[in-house]
Amino acid sequence: MNTPKQTFFSRPDKLLQKKLIALAYALVTLTALFIAFIIYPKYLMILLSLIGLLTLICLMLSLQILKVAEQAINYGGFANEIISKSSNAKRIETFDGKIIIENDSARDLFSGQNILWFLQHHLSDNRNNNFAFQQLKNAFVNLNTIKIVLSLNLTDSTKSESASWFQISLKTISLRKADFFQRPFSISRVKKDTYLYWSFRNITAEHNMEDIFQTERSSMHDFLDYLPAALYIVDQNYKIEYCNHIFASKLGKTREELIGADLNDYILPNSQTPPNNSSWNGIIHFFNTDGQDIETCIKQESFREGNEIKIRAAGMADLPNDNVLRSKLRTSNDEISWLFEFAPIGIIFANRFGVIKKCNRQAAKLANSNIEKLQGTNLMQIIKNTDQHTLRREIDYVLREQKQSSSLELSLSPNDKTTTAYITPMKAMFADPTSPAEGFVLYIIDATEQKNLEVQFAQAQKMQALGQLAGGVAHDFNNLLTAIIGFCDLLLQRHGVGDPSFADLIQVKNNANRAAGLVRQLLAFSRKQPLQPKYIDVTENFMELSQMLKRVLGEKVTLKFHHGDNLGFIRVDPVQFSQVIINLAVNAKDAMNGNGVLTISTHTQKLQAPQKFGEEIIQPGDFVVIDVQDTGCGIAKENLSRIFEPFFSTKQNVVGSGTGLGLAMVYGIVRQTEGFIKVDSVLNQGTTFSIHLPRFETNPDTEHHDVDAKPRNVTNSEGTPIINVQPQNNTSTPMNQKFIFGLNVSAIDKGIDTQNPHTGIKILFVEDEDSVRSFAVRALKKKGYEVIGCNSAENALEHLKTEKDFNLLVTDMVMPGMNGVELATIVKEQIKNIKVILASGYSEEITRSEFSVSSEFEFLAKPFSLGDLTKKIFDVLNKE
């Protein structure tokens, strides 16, 4: 089974640039023909024909530019913002501590400080801290991956109870970069090329819960071990399986010496031996190591463990006088009171009818009440209605002894707290063992925070699964679309403009391009698009968008703008920001059935304190607020919480209603830019989407304006390149090329030219998708190239054992087994002068960063057409 590959789409803004250049050449040529028409009137008919033809070409190019422009406006998508959206503190820095990127949680936690310094100065007084911190330092120095747990004092308090616990992980990230002054494997080079990825997860709640559990368990164990009564458990053969310290000390032995011994060995011969299969109480005479008679009052009962009958017993020896007994009794009562009153869990004693007889402080706190008010009331009054039936059923099981105990989840009514409850019977074990249970004991543990974490985790898994699904589907579609577009181009070579099939083939190709647009939306949702934020003026941006919005909305929708003063700047990807506004405008138009008023207003807002914003909390700061308000049908209340979910749409069974990704993309883009969005809607009155984006007083980009239009390399804080952006070789479109319906009909070959300059050029084409490989090999052979097709990297290497006279290698990036980059590297070693083209659905920047692709390799994005393929190969083969 082939591993799914994630893909990217070709950029429509680049396509728009090419189309504009072609239109410019056409207009220049048209102008030249007009001048020729004036100078040489004797060539009237020829010049008029050429002018008419060029006019038609300009018209077709203009229509095509409008379409591509719309695609360019809609172009955008999610960037990989895992770090910025994580609730954990995350930072990427260089080895010498220079920060590359960190999220808000990390800024709040570290305040720009060096992490090791921060940890060293905030370590709490915990015995394991120093050892764990030393491990972390060693991993930091040796560039190793490590995960540890540390206790930190983040407040002025030095008490251990106020410490916060963090799970800290350190990973190394290595990026390839050119450095001609370092040896390949020197330590300084490794450190300079390596970045450190820190992640801090606050596990204080989990750690405290574990401490509580361990404390309770230890307390219970200590309670039994040091209970002022002799306790032991024996099997049916009187072999001792457990005893506490009191019992062992009475016999002058240690617990270890007694475990496994026969109880009869420590009973005087004339003493009564207790029965081994029933409840019993009486006097047993034990003897200790000195041979002294120890008269002990024993109460025992038998119980079944698996298929065996065992006996548990408690005894009192050396019964004291009344004063001592009262003192001991008070101590025992105090110990029991400590267990009950100060227990970290709620405890309720109730009778058979559910009336609360007694409860502790924690139970009253969980019920948002007090002990006096709860005692005497029915338990059901503090339980949510939906859980009362289940609770009654479980209580009935326990009281009728169908279950020894029961556990369930309960929601408390006053404050809707989620709890885990345990039910046990309340029986008179000593007064009358045969009597039924007088009532039950309810143990309540607050599970609200745990439940919230489970819900958040489930939602995160759901969104992650949807993103993975979207990426996988998009990859498969891109392969299919490459084949469809490619074979369509081959058919268009045989069916020209005058052919009856030409229009049908154009429809097939246009619809394939529309499908590619849907794939781009899926990739945008799965966050496979690079983010290119800039500082923009909101008012100026809307002035540029206004004409596009008017065309989108149509003549029957009135578009109004209300702009505030002194808006400042926002930092967004301009293309993605335009897509947000256009998506909201299109939704508004649908809600108004194409007839109504759409109002877009902007103003600034300064938040002084945290504020609930939809389902999220927005922190204080300056914001630019953009309100998009329509007069449409509104959104039903039950749908308001779901409108930003992927693939959710209220326009079911409506032709052209979309994919349900629009608002999901809007939400993702706004959150990527550290903004917030909420919706207010009234049925039959309209809907308002409010977008809050961080406000900037000035535009930092204007302070570092670079008049050089050449592409720049992306560098880190040291000035070292991270991504080398290669300038594009824009080959101008020949003046004699003809475009009809977006198709370069002048490039359609009717057969293989025997004088083709491509003859003698040998290409090795490697692609695991059969349809894509078949189309490409067939197209290139028709162009006169000698092409060898292989379905895997391994197959290509086998072929290279017999033939090495290849001029060009074209290979897919991601294939089963060896990937395209590994294949290209091996082929380059075997054939020094061979040129390489890597085909992938990833963008070129992502490809070079994730796969460490050499700048010597050229890049071809999927899906590609016949023209894209042949042009790329021509450019690469003719590149110096």
# chains A, B, ... in the order shown; residues from 1 in each chain; ligands from 1
>>> residues_around(residues="Glu409 in chain A", least_positions_apart="6", cutoff="7 Å", atoms="only C-alpha atoms", output="list in words")
Thr419, Thr420 and Ala421 of chain A
>>> residues_around(residues="Met220 in chain A", least_positions_apart="6", cutoff="10 Å", atoms="only C-alpha atoms", output="PyMOL selection string")
chain A and resi 214+226+339
>>> write_last_selection(atoms="N, CA, C and O atoms", output="compact mmCIF listing (two decimals), in the first residue's frame")
# COMPACT_ATOMS: atom_id res chain seq x y z
N GLN A 214 -1.13 9.37 45.68
CA GLN A 214 -0.10 8.66 46.41
C GLN A 214 -0.20 8.94 47.92
O GLN A 214 0.01 8.04 48.74
N TYR A 226 -0.38 0.88 61.17
CA TYR A 226 -0.16 1.36 62.53
C TYR A 226 -1.46 1.56 63.29
O TYR A 226 -1.50 2.29 64.29
N LEU A 339 -9.40 11.32 58.81
CA LEU A 339 -9.63 10.68 57.52
C LEU A 339 -10.91 11.18 56.86
O LEU A 339 -11.00 11.31 55.64
>>> closest_residue(among="A:Gly52, A:Gly867, A:Gly97, A:Gly675", to="Thr482 in chain A", atoms="only C-alpha atoms")
A:Gly867
>>> select_by_dssp(residues="range 197-351 of chain A", states="strand (DSSP E)", output="count of residues only")
53
>>> select_by_dssp(residues="range 252-380 of chain A", states="helix (DSSP H, G or I)", output="PyMOL selection string")
chain A and resi 255-258+263-266+322-341+361-366+371-374+379-380
